[in-house]
file work26.txt (compact mmCIF, C-alpha atoms)
# COMPACT_ATOMS: atom_id res chain seq x y z
CA MET A 66 3.63 6.59 69.40
CA LEU A 67 4.75 5.62 65.87
CA ARG A 68 7.39 3.03 65.61
CA LEU A 69 10.33 3.62 63.30
CA ASP A 70 10.00 0.36 61.32
CA LYS A 71 6.32 1.10 60.61
CA VAL A 72 7.19 4.51 59.20
CA LEU A 73 9.96 3.01 57.08
CA THR A 74 7.66 0.31 55.68
CA ARG A 75 5.06 2.92 54.81
CA LEU A 76 7.66 5.13 53.12
CA LEU A 77 9.00 2.18 51.16
CA GLY A 78 5.46 1.29 50.11
CA TRP A 79 4.72 4.79 48.77
CA GLY A 80 8.08 4.84 47.02
CA CYS A 81 7.36 1.56 45.24
CA LEU A 82 3.92 2.77 44.22
CA GLY A 83 5.41 5.99 42.84
CA LEU A 84 8.00 4.07 40.85
CA LEU A 85 5.33 1.75 39.47
CA THR A 86 3.07 4.58 38.33
CA ALA A 87 6.03 6.38 36.76
CA CYS A 88 6.88 3.25 34.80
CA LEU A 89 3.31 2.61 33.70
CA SER A 90 2.57 6.17 32.64
CA GLY A 91 5.92 6.28 30.89
CA ASN A 92 4.94 3.29 28.78
CA GLN A 93 1.53 4.65 27.95
CA ASN A 94 2.51 8.18 26.97
CA LEU A 95 5.45 7.78 24.64
CA GLY A 96 6.27 11.11 23.08
CA PRO A 97 5.96 11.72 19.36
CA VAL A 98 8.59 10.09 17.16
CA ALA A 99 9.93 11.48 13.89
CA LEU A 100 8.94 9.68 10.72
CA ASN A 101 12.29 9.96 8.98
CA SER A 102 15.61 8.53 10.10
CA ARG A 103 19.25 9.07 9.12
CA THR A 104 18.99 6.13 6.69
CA THR A 105 16.83 5.61 3.62
CA ASP A 106 13.08 5.97 4.13
CA GLU A 107 11.16 5.45 0.91
CA GLN A 108 8.19 4.02 -1.00
CA PRO A 109 5.55 5.73 1.17
CA ALA A 110 1.98 4.38 1.04
CA LEU A 111 -0.93 6.14 2.75
CA SER A 112 -3.90 4.25 4.15
CA GLY A 113 -7.25 5.07 2.54
CA ASP A 114 -8.26 7.18 5.55
CA GLY A 115 -4.98 9.11 5.38
CA ARG A 116 -4.07 8.30 8.98
CA TYR A 117 -1.38 5.66 8.49
CA LEU A 118 1.74 5.65 6.38
CA ALA A 119 3.80 2.60 5.42
CA VAL A 120 7.44 3.18 4.51
CA VAL A 121 10.38 1.00 3.57
CA SER A 122 13.27 1.84 5.88
CA ASP A 123 16.87 0.74 6.35
CA ARG A 124 16.98 2.07 9.91
CA ASN A 125 17.04 -1.23 11.80
CA GLY A 126 19.85 -2.80 9.85
CA GLY A 127 17.57 -4.68 7.45
CA ARG A 128 15.21 -3.52 4.77
CA ASN A 129 11.86 -3.49 6.51
CA ILE A 130 8.33 -2.18 6.18
CA LEU A 131 7.35 0.17 9.00
CA LEU A 132 3.89 1.54 9.79
CA TYR A 133 3.56 5.10 11.11
CA ASP A 134 0.48 6.65 12.71
CA LEU A 135 0.37 10.25 11.44
CA ARG A 136 -2.10 11.27 14.18
CA GLN A 137 -0.23 9.81 17.18
CA ARG A 138 3.14 10.32 15.46
CA GLN A 139 4.32 6.89 16.50
CA PHE A 140 5.32 3.66 14.85
CA ILE A 141 3.05 0.65 15.14
CA THR A 142 4.62 -2.78 15.48
CA LEU A 143 3.89 -5.38 12.80
CA PRO A 144 4.63 -8.76 14.41
CA ARG A 145 5.74 -11.45 11.96
CA LEU A 146 5.68 -9.19 8.88
CA ASN A 147 9.41 -8.48 8.59
CA ARG A 148 11.60 -11.56 8.67
CA PRO A 149 15.36 -11.51 9.14
CA ASP A 150 16.00 -13.54 5.97
CA ALA A 151 13.72 -11.52 3.68
CA ILE A 152 13.51 -8.13 2.04
CA ALA A 153 10.07 -6.52 2.20
CA GLU A 154 9.28 -3.74 -0.28
CA ASN A 155 6.54 -1.90 -2.22
CA PRO A 156 3.92 -1.68 0.55
CA SER A 157 0.29 -0.68 -0.06
CA LEU A 158 -2.40 -0.15 2.60
CA SER A 159 -6.16 -0.65 2.80
CA ARG A 160 -8.52 1.93 4.33
CA THR A 161 -7.55 1.70 8.01
CA ALA A 162 -4.25 -0.11 7.32
CA ARG A 163 -5.77 -3.43 8.38
CA TYR A 164 -4.35 -5.07 5.25
CA ILE A 165 -0.83 -4.48 3.96
CA VAL A 166 0.24 -5.95 0.62
CA TYR A 167 3.91 -5.94 -0.32
CA ILE A 168 6.65 -7.85 -2.11
CA ALA A 169 8.74 -10.24 -0.02
CA SER A 170 11.83 -11.97 -1.36
CA ASP A 171 12.86 -14.97 0.66
CA ARG A 172 12.00 -17.95 -1.55
CA GLY A 173 14.35 -17.16 -4.43
CA LYS A 174 11.62 -15.22 -6.20
CA PRO A 175 9.58 -12.18 -5.18
CA GLU A 176 6.09 -12.99 -3.92
CA VAL A 177 3.03 -10.82 -3.33
CA GLU A 178 2.13 -11.17 0.34
CA LEU A 179 -0.84 -9.95 2.33
CA TYR A 180 -0.50 -9.09 6.01
CA ASP A 181 -3.63 -8.83 8.14
CA ARG A 182 -3.07 -6.61 11.19
CA ALA A 183 -6.17 -8.07 12.87
CA THR A 184 -4.77 -11.62 12.89
CA GLN A 185 -1.05 -10.72 12.52
CA ARG A 186 -0.82 -13.36 9.82
CA VAL A 187 0.95 -13.37 6.46
CA GLU A 188 -0.66 -14.93 3.39
CA VAL A 189 1.35 -15.53 0.20
CA LEU A 190 -0.97 -14.55 -2.67
CA SER A 191 1.28 -15.41 -5.60
CA THR A 192 1.93 -19.05 -4.72
CA GLY A 193 2.14 -21.04 -7.93
CA TYR A 194 1.90 -17.92 -10.08
CA ARG A 195 4.19 -18.15 -13.09
CA GLY A 196 6.12 -14.98 -13.76
CA TRP A 197 7.88 -12.16 -11.95
CA VAL A 198 5.72 -9.86 -9.81
CA ARG A 199 6.21 -6.22 -8.73
CA ASN A 200 4.47 -3.18 -7.25
CA PRO A 201 1.26 -4.55 -5.68
CA SER A 202 -1.57 -2.15 -4.79
CA ILE A 203 -4.59 -2.95 -2.61
CA SER A 204 -7.98 -1.22 -2.88
CA PRO A 205 -9.14 0.70 0.22
CA ASP A 206 -11.79 -1.96 0.97
CA GLY A 207 -9.10 -4.67 0.82
CA ARG A 208 -10.80 -6.81 -1.82
CA TYR A 209 -8.75 -6.12 -4.98
CA ILE A 210 -5.01 -6.29 -5.48
CA ALA A 211 -3.40 -5.04 -8.69
CA PHE A 212 0.22 -5.90 -9.48
CA GLU A 213 2.76 -5.95 -12.29
CA THR A 214 3.50 -9.25 -13.98
CA SER A 215 6.10 -10.41 -16.49
CA ARG A 216 4.06 -13.40 -17.65
CA ARG A 217 3.67 -12.25 -21.28
CA GLY A 218 7.34 -11.32 -21.59
CA GLN A 219 6.70 -7.65 -20.85
CA TRP A 220 5.29 -5.72 -17.91
CA ASP A 221 1.52 -6.08 -17.73
CA ILE A 222 -1.04 -5.45 -15.01
CA GLU A 223 -3.04 -8.17 -13.33
CA VAL A 224 -5.91 -7.72 -10.88
CA PHE A 225 -6.61 -10.28 -8.15
CA ASP A 226 -10.04 -10.45 -6.53
CA ARG A 227 -9.90 -11.85 -2.98
CA GLY A 228 -13.58 -12.71 -3.31
CA PRO A 229 -16.84 -11.66 -1.65
CA GLY A 230 -16.12 -13.76 1.44
CA ILE A 231 -13.35 -11.62 2.91
CA GLU A 232 -13.73 -9.13 5.75
CA LEU A 233 -13.69 -5.74 4.08
CA ASP A 234 -11.70 -2.91 5.66
CA ILE A 235 -14.45 -0.45 6.51
CA ALA A 236 -13.81 2.64 8.61
CA PRO A 237 -15.39 2.42 12.09
CA GLY A 238 -18.77 4.15 12.14
CA ALA A 239 -19.12 4.06 8.36
CA PRO A 240 -22.22 2.52 6.79
CA PRO A 241 -21.48 -1.03 5.55
CA MET B 23 -13.91 -55.84 -18.96
CA VAL B 24 -16.64 -54.99 -16.54
CA PRO B 25 -16.32 -51.38 -15.35
CA LYS B 26 -15.85 -51.11 -11.66
CA LYS B 27 -18.95 -49.69 -10.10
CA ARG B 28 -18.20 -46.80 -7.80
CA HIS B 29 -20.16 -46.59 -4.64
CA PRO B 30 -22.47 -43.55 -4.68
CA LEU B 31 -21.47 -42.66 -1.14
CA THR B 32 -17.78 -42.44 -2.15
CA LEU B 33 -18.72 -40.12 -4.98
CA THR B 34 -20.75 -37.84 -2.70
CA LEU B 35 -17.92 -37.81 -0.22
CA LEU B 36 -15.38 -36.95 -2.91
CA LEU B 37 -17.60 -34.18 -4.25
CA SER B 38 -18.19 -32.60 -0.88
CA LEU B 39 -14.48 -32.82 -0.11
CA THR B 40 -13.58 -30.94 -3.30
CA THR B 41 -16.13 -28.21 -2.57
CA LEU B 42 -14.78 -27.94 0.94
CA LEU B 43 -11.20 -27.62 -0.28
CA GLY B 44 -12.29 -25.21 -2.98
CA GLY B 45 -13.95 -23.05 -0.36
CA CYS B 46 -10.77 -22.97 1.66
CA THR B 47 -8.12 -22.35 -0.97
CA GLY B 48 -9.83 -21.05 -4.09
CA ALA B 49 -11.41 -18.00 -2.46
CA GLY B 50 -9.60 -15.51 -4.66
CA GLN B 51 -9.22 -15.34 -8.41
CA LEU B 52 -7.44 -13.35 -11.09
CA LEU B 53 -9.78 -11.11 -13.05
CA ASN B 54 -9.68 -11.34 -16.79
CA PHE B 55 -9.39 -8.03 -18.60
CA PRO B 56 -9.20 -8.02 -22.39
CA PHE B 57 -5.76 -7.50 -23.88
CA ASP B 58 -5.92 -4.90 -26.68
CA PRO B 59 -2.69 -5.05 -28.69
CA ILE B 60 -3.75 -2.70 -31.52
CA GLY B 61 -6.17 -0.10 -30.22
CA GLY B 62 -4.57 0.33 -26.79
CA GLN B 63 -8.01 0.85 -25.22
CA SER B 64 -7.76 -1.76 -22.47
CA LEU B 65 -5.73 -2.32 -19.34
CA ASN B 66 -2.89 -4.14 -21.07
CA SER B 67 -1.22 -3.34 -24.39
CA MET B 68 1.84 -4.18 -26.47
CA GLY B 69 3.82 -1.64 -24.43
CA SER B 70 4.89 -1.67 -20.80
CA ASP B 71 1.97 -1.23 -18.43
CA LEU B 72 3.37 -0.21 -15.05
CA SER B 73 2.76 0.84 -11.44
CA PRO B 74 -0.93 0.01 -10.97
CA ALA B 75 -2.79 1.82 -8.18
CA VAL B 76 -6.29 0.55 -7.43
CA SER B 77 -8.85 2.60 -5.48
CA GLY B 78 -12.58 1.98 -5.56
CA ARG B 79 -13.60 1.20 -9.16
CA TYR B 80 -10.56 2.98 -10.63
CA LEU B 81 -7.11 1.78 -11.52
CA ALA B 82 -4.44 4.31 -12.48
CA PHE B 83 -1.27 3.12 -14.23
CA ALA B 84 1.62 4.25 -16.42
CA SER B 85 2.08 2.99 -19.99
CA ASP B 86 4.27 3.70 -23.00
CA ARG B 87 1.69 2.31 -25.47
CA ARG B 88 1.62 5.55 -27.48
CA GLY B 89 5.34 6.10 -27.67
CA SER B 90 5.79 8.23 -24.56
CA GLN B 91 5.23 7.18 -20.97
CA ASP B 92 1.88 8.58 -19.85
CA ILE B 93 -0.69 8.08 -17.11
CA TYR B 94 -3.92 6.20 -17.84
CA LEU B 95 -7.09 5.69 -15.80
CA PHE B 96 -9.03 2.43 -16.14
CA ASP B 97 -12.57 1.90 -14.88
CA LEU B 98 -12.85 -1.65 -13.50
CA THR B 99 -16.66 -1.57 -13.68
CA THR B 100 -17.10 -0.47 -17.30
CA ARG B 101 -13.76 -2.12 -18.24
CA ARG B 102 -12.76 0.92 -20.28
CA LEU B 103 -10.18 3.67 -20.15
CA VAL B 104 -11.43 6.98 -18.77
CA ASP B 105 -10.50 10.22 -20.53
CA VAL B 106 -8.02 12.38 -18.65
CA PRO B 107 -7.72 15.50 -20.84
CA GLY B 108 -4.85 17.78 -19.92
CA LEU B 109 -3.08 15.21 -17.73
CA ASN B 110 -0.34 14.08 -20.11
CA ALA B 111 1.96 16.69 -21.63
CA LEU B 112 4.13 16.07 -24.69
CA ASP B 113 7.35 17.08 -22.95
CA MET B 114 6.79 15.15 -19.71
CA LEU B 115 7.57 11.60 -18.68
CA ALA B 116 4.92 10.51 -16.18
CA ALA B 117 5.33 7.68 -13.67
CA ASP B 118 4.09 6.23 -10.36
CA PRO B 119 0.43 7.28 -10.40
CA ALA B 120 -1.96 7.10 -7.45
CA VAL B 121 -5.70 7.81 -7.55
CA ALA B 122 -8.32 8.87 -5.01
CA GLU B 123 -11.34 6.60 -4.53
CA ASP B 124 -13.75 8.75 -6.59
CA GLY B 125 -11.31 8.80 -9.50
CA GLN B 126 -11.28 12.61 -9.57
CA THR B 127 -7.75 13.23 -8.30
CA ILE B 128 -4.59 11.61 -9.68
CA VAL B 129 -1.07 12.28 -8.41
CA PHE B 130 2.09 11.16 -10.20
CA THR B 131 5.79 11.87 -10.70
CA GLY B 132 6.50 14.02 -13.73
CA SER B 133 9.96 14.47 -15.29
CA ARG B 134 10.42 17.53 -17.45
CA GLN B 135 13.68 19.18 -18.59
CA GLY B 136 15.75 17.20 -16.12
CA ARG B 137 13.58 18.05 -13.12
CA THR B 138 11.12 15.82 -11.30
CA GLY B 139 8.01 17.02 -9.52
CA ILE B 140 4.90 15.60 -7.88
CA TYR B 141 1.90 16.67 -9.95
CA LEU B 142 -1.77 16.67 -8.98
CA TYR B 143 -4.42 16.32 -11.69
CA ASP B 144 -8.02 17.26 -10.94
CA ARG B 145 -10.39 15.51 -13.35
CA THR B 146 -13.30 17.83 -12.46
CA THR B 147 -11.45 21.00 -13.45
CA ARG B 148 -9.00 19.28 -15.86
CA GLN B 149 -6.24 21.23 -14.12
CA LEU B 150 -2.70 19.98 -13.61
CA ARG B 151 -0.76 21.47 -10.70
CA LEU B 152 2.83 21.07 -9.53
CA LEU B 153 2.64 20.28 -5.80
CA THR B 154 6.35 20.47 -5.09
CA SER B 155 7.24 23.82 -6.71
CA GLY B 156 9.07 25.06 -3.62
CA LEU B 157 11.08 21.88 -3.11
CA GLU B 158 14.65 21.71 -4.44
CA ALA B 159 14.96 17.93 -4.47
CA GLU B 160 14.41 14.94 -6.68
CA VAL B 161 11.04 13.40 -5.88
CA ARG B 162 9.34 10.05 -6.53
CA HIS B 163 6.58 7.67 -5.66
CA PRO B 164 3.52 9.68 -4.54
CA SER B 165 0.63 8.06 -2.65
CA ILE B 166 -2.80 9.63 -2.04
CA SER B 167 -5.47 8.97 0.59
CA ALA B 168 -8.89 7.70 -0.59
CA ASP B 169 -10.50 11.12 -0.05
CA GLY B 170 -7.76 12.78 -2.12
CA ARG B 171 -6.74 15.21 0.64
CA THR B 172 -3.36 13.85 1.76
CA ILE B 173 -0.34 13.07 -0.42
CA ALA B 174 2.89 11.35 0.67
CA PHE B 175 6.02 11.00 -1.48
CA GLN B 176 9.75 10.48 -1.18
CA ALA B 177 12.32 13.23 -1.72
CA ALA B 178 16.13 13.20 -1.91
CA ILE B 179 17.02 15.44 1.00
CA ASN B 180 20.50 15.69 2.56
CA GLY B 181 21.81 12.91 0.34
CA GLN B 182 19.20 10.27 1.17
CA TRP B 183 15.52 9.48 0.68
CA ASP B 184 13.07 10.90 3.18
CA VAL B 185 9.28 10.79 3.18
CA LEU B 186 7.24 14.00 3.06
CA VAL B 187 3.50 14.43 3.58
CA TYR B 188 1.59 17.31 1.94
CA ASP B 189 -2.04 18.34 1.75
CA ARG B 190 -3.61 18.66 -1.70
CA ASN B 191 -2.76 22.37 -1.85
CA GLY B 192 0.95 21.65 -1.51
CA ARG B 193 1.26 22.59 2.17
CA PRO B 194 3.68 20.31 4.06
CA LEU B 195 2.39 18.49 7.14
CA ARG B 196 5.10 18.46 9.77
CA VAL B 197 5.72 14.78 10.41
CA GLY B 198 9.14 14.25 8.91
CA GLU B 199 10.88 15.89 11.82
CA LEU B 200 9.90 16.64 15.38
CA GLY B 201 8.25 20.01 15.34
CA PRO B 202 5.77 21.93 17.44

call {"tool": "encode", "arguments": {"input": "work26.txt", "output": "structure tokens"}}
result
Amino acid sequence: MLRLDKVLTRLLGWGCLGLLTACLSGNQNLGPVALNSRTTDEQPALSGDGRYLAVVSDRNGGRNILLYDLRQRQFITLPRLNRPDAIAENPSLSRTARYIVYIASDRGKPEVELYDRATQRVEVLSTGYRGWVRNPSISPDGRYIAFETSRRGQWDIEVFDRGPGIELDIAPGAPP
Amino acid sequence: MVPKKRHPLTLTLLLSLTTLLGGCTGAGQLLNFPFDPIGGQSLNSMGSDLSPAVSGRYLAFASDRRGSQDIYLFDLTTRRLVDVPGLNALDMLAADPAVAEDGQTIVFTGSRQGRTGIYLYDRTTRQLRLLTSGLEAEVRHPSISADGRTIAFQAAINGQWDVLVYDRNGRPLRVGELGP
């Protein structure tokens, strides 16, 4: 004969398990999210492979760079890229969006910064550079960065070579 | 005065330290492209040289070096401008270029008779095509994937900027809103 408390415990157990699976699956299968919001979404930049799209958006109260996966139709978090005391603008992406270059303004002057999604680290590329900088663009392999400079008293273009020692952004499965 | 003799070990240590530091911080460098103030055949000129977009060996940019703002294509390997016949029109102000990795496709914003459009230039066929002919909105800032098949740009829709994604034939990809 089954005892009542045993049945209750078993029921409670199954209930908890059901709740847990519901939570887990809910986190894993987020539905698609729209790219555009009711605020400004601008300065789009496609990754070399065409899968990712960086945009500058006002949606979260600040002016931030967001990364959207066009295949999964979801946003990808970029820890430590957007800072509450800085404006981030003019994004550009490498082939698989591993590297993001952009302009950040939080030191009194705009700087060209490089964000590496693999390490989640920000590197300031224009430290010590004399002159105003704008509109950076990174090559799909992640090695070259072109940007606008005011150094000669007019807008000119400068190209920065990160050097042969960097990890190139190569698509998975592609020949090196 | 007798010059102070430096210990060779100190020198070696100093040298190795500098190389070490150099390896850590001096990994990148600015490339030096010739400045051509008269002929306008290089990357930089006496005019404004704007909005660089680098992809593979090519760099597309906008410049007003010949009196009107046009799009130019620079080859980083040969360090010369590449001919783009049929890209720049006399009555159009061109801005914000982007280039595919093989240098064959260039997209940009063109302003003509008070209207802006996203244009696609094919260097193989020398054809210029308006991608946004069906779109009643101001447009700006196109970006192209490395294979030249996907184009994203911003458009003034419902009183604010939104981002649209098209294929190279001007067909919209439905990502801006939640669709089927």

call {"tool": "interface_residues", "arguments": {"input": "work26.txt", "of": "chain A", "to": "chain B", "cutoff": "7 Å", "atoms": "only C-alpha atoms", "output": "number ranges by chain"}}
result
A: 98-101, 104-115, 200, 202-205, 211-213, 219-222, 224-228

call {"tool": "atom_distance", "arguments": {"input": "work26.txt", "atom1": "atom CA of B:Gly108", "atom2": "atom CA of B:Gln91"}}
result
14.7 Å

call {"tool": "residues_around", "arguments": {"input": "work26.txt", "residues": "stretch 161-175 of chain A", "least_positions_apart": "4", "cutoff": "10 Å", "atoms": "all atoms listed in the file", "output": "ChimeraX atom specification"}}
result
/A:110-119,129-130,132,134,146-157,179-185,187-191,196-208,210,212,233-237

call {"tool": "write_last_selection", "arguments": {"input": "work26.txt", "atoms": "C-alpha atoms", "output": "PDB file, in the frame of the given file"}}
result
ATOM      1  CA  ALA A 110       1.980   4.380   1.040  1.00  0.00           C
ATOM      2  CA  LEU A 111      -0.930   6.140   2.750  1.00  0.00           C
ATOM      3  CA  SER A 112      -3.900   4.250   4.150  1.00  0.00           C
ATOM      4  CA  GLY A 113      -7.250   5.070   2.540  1.00  0.00           C
ATOM      5  CA  ASP A 114      -8.260   7.180   5.550  1.00  0.00           C
ATOM      6  CA  GLY A 115      -4.980   9.110   5.380  1.00  0.00           C
ATOM      7  CA  ARG A 116      -4.070   8.300   8.980  1.00  0.00           C
ATOM      8  CA  TYR A 117      -1.380   5.660   8.490  1.00  0.00           C
ATOM      9  CA  LEU A 118       1.740   5.650   6.380  1.00  0.00           C
ATOM     10  CA  ALA A 119       3.800   2.600   5.420  1.00  0.00           C
ATOM     11  CA  ASN A 129      11.860  -3.490   6.510  1.00  0.00           C
ATOM     12  CA  ILE A 130       8.330  -2.180   6.180  1.00  0.00           C
ATOM     13  CA  LEU A 132       3.890   1.540   9.790  1.00  0.00           C
ATOM     14  CA  ASP A 134       0.480   6.650  12.710  1.00  0.00           C
ATOM     15  CA  LEU A 146       5.680  -9.190   8.880  1.00  0.00           C
ATOM     16  CA  ASN A 147       9.410  -8.480   8.590  1.00  0.00           C
ATOM     17  CA  ARG A 148      11.600 -11.560   8.670  1.00  0.00           C
ATOM     18  CA  PRO A 149      15.360 -11.510   9.140  1.00  0.00           C
ATOM     19  CA  ASP A 150      16.000 -13.540   5.970  1.00  0.00           C
ATOM     20  CA  ALA A 151      13.720 -11.520   3.680  1.00  0.00           C
ATOM     21  CA  ILE A 152      13.510  -8.130   2.040  1.00  0.00           C
ATOM     22  CA  ALA A 153      10.070  -6.520   2.200  1.00  0.00           C
ATOM     23  CA  GLU A 154       9.280  -3.740  -0.280  1.00  0.00           C
ATOM     24  CA  ASN A 155       6.540  -1.900  -2.220  1.00  0.00           C
ATOM     25  CA  PRO A 156       3.920  -1.680   0.550  1.00  0.00           C
ATOM     26  CA  SER A 157       0.290  -0.680  -0.060  1.00  0.00           C
ATOM     27  CA  LEU A 179      -0.840  -9.950   2.330  1.00  0.00           C
ATOM     28  CA  TYR A 180      -0.500  -9.090   6.010  1.00  0.00           C
ATOM     29  CA  ASP A 181      -3.630  -8.830   8.140  1.00  0.00           C
ATOM     30  CA  ARG A 182      -3.070  -6.610  11.190  1.00  0.00           C
ATOM     31  CA  ALA A 183      -6.170  -8.070  12.870  1.00  0.00           C
ATOM     32  CA  THR A 184      -4.770 -11.620  12.890  1.00  0.00           C
ATOM     33  CA  GLN A 185      -1.050 -10.720  12.520  1.00  0.00           C
ATOM     34  CA  VAL A 187       0.950 -13.370   6.460  1.00  0.00           C
ATOM     35  CA  GLU A 188      -0.660 -14.930   3.390  1.00  0.00           C
ATOM     36  CA  VAL A 189       1.350 -15.530   0.200  1.00  0.00           C
ATOM     37  CA  LEU A 190      -0.970 -14.550  -2.670  1.00  0.00           C
ATOM     38  CA  SER A 191       1.280 -15.410  -5.600  1.00  0.00           C
ATOM     39  CA  GLY A 196       6.120 -14.980 -13.760  1.00  0.00           C
ATOM     40  CA  TRP A 197       7.880 -12.160 -11.950  1.00  0.00           C
ATOM     41  CA  VAL A 198       5.720  -9.860  -9.810  1.00  0.00           C
ATOM     42  CA  ARG A 199       6.210  -6.220  -8.730  1.00  0.00           C
ATOM     43  CA  ASN A 200       4.470  -3.180  -7.250  1.00  0.00           C
ATOM     44  CA  PRO A 201       1.260  -4.550  -5.680  1.00  0.00           C
ATOM     45  CA  SER A 202      -1.570  -2.150  -4.790  1.00  0.00           C
ATOM     46  CA  ILE A 203      -4.590  -2.950  -2.610  1.00  0.00           C
ATOM     47  CA  SER A 204      -7.980  -1.220  -2.880  1.00  0.00           C
ATOM     48  CA  PRO A 205      -9.140   0.700   0.220  1.00  0.00           C
ATOM     49  CA  ASP A 206     -11.790  -1.960   0.970  1.00  0.00           C
ATOM     50  CA  GLY A 207      -9.100  -4.670   0.820  1.00  0.00           C
ATOM     51  CA  ARG A 208     -10.800  -6.810  -1.820  1.00  0.00           C
ATOM     52  CA  ILE A 210      -5.010  -6.290  -5.480  1.00  0.00           C
ATOM     53  CA  PHE A 212       0.220  -5.900  -9.480  1.00  0.00           C
ATOM     54  CA  LEU A 233     -13.690  -5.740   4.080  1.00  0.00           C
ATOM     55  CA  ASP A 234     -11.700  -2.910   5.660  1.00  0.00           C
ATOM     56  CA  ILE A 235     -14.450  -0.450   6.510  1.00  0.00           C
ATOM     57  CA  ALA A 236     -13.810   2.640   8.610  1.00  0.00           C
ATOM     58  CA  PRO A 237     -15.390   2.420  12.090  1.00  0.00           C
TER      59      PRO A 237
END

call {"tool": "atom_distance", "arguments": {"input": "work26.txt", "atom1": "atom CA of A:Pro144", "atom2": "atom CA of A:Tyr209"}}
result
23.7 Å

call {"tool": "residues_around", "arguments": {"input": "work26.txt", "residues": "B:Gly192", "least_positions_apart": "4", "cutoff": "9 Å", "atoms": "only C-alpha atoms", "output": "ChimeraX atom specification"}}
result
/B:152-155,173,188

call {"tool": "write_last_selection", "arguments": {"input": "work26.txt", "atoms": "C-alpha atoms", "output": "compact mmCIF listing (two decimals), keeping the file's coordinate frame"}}
result
# COMPACT_ATOMS: atom_id res chain seq x y z
CA LEU B 152 2.83 21.07 -9.53
CA LEU B 153 2.64 20.28 -5.80
CA THR B 154 6.35 20.47 -5.09
CA SER B 155 7.24 23.82 -6.71
CA ILE B 173 -0.34 13.07 -0.42
CA TYR B 188 1.59 17.31 1.94

call {"tool": "atom_distance", "arguments": {"input": "work26.txt", "atom1": "atom CA of A:Ile141", "atom2": "atom CA of A:Gly96"}}
result
13.5 Å

call {"tool": "residues_near_point", "arguments": {"input": "work26.txt", "point": "(-16.1, 1.0, -19.6)", "cutoff": "12 Å", "atoms": "all atoms listed in the file", "output": "PyMOL selection string"}}
result
chain B and resi 55-56+63-65+79-80+95-105
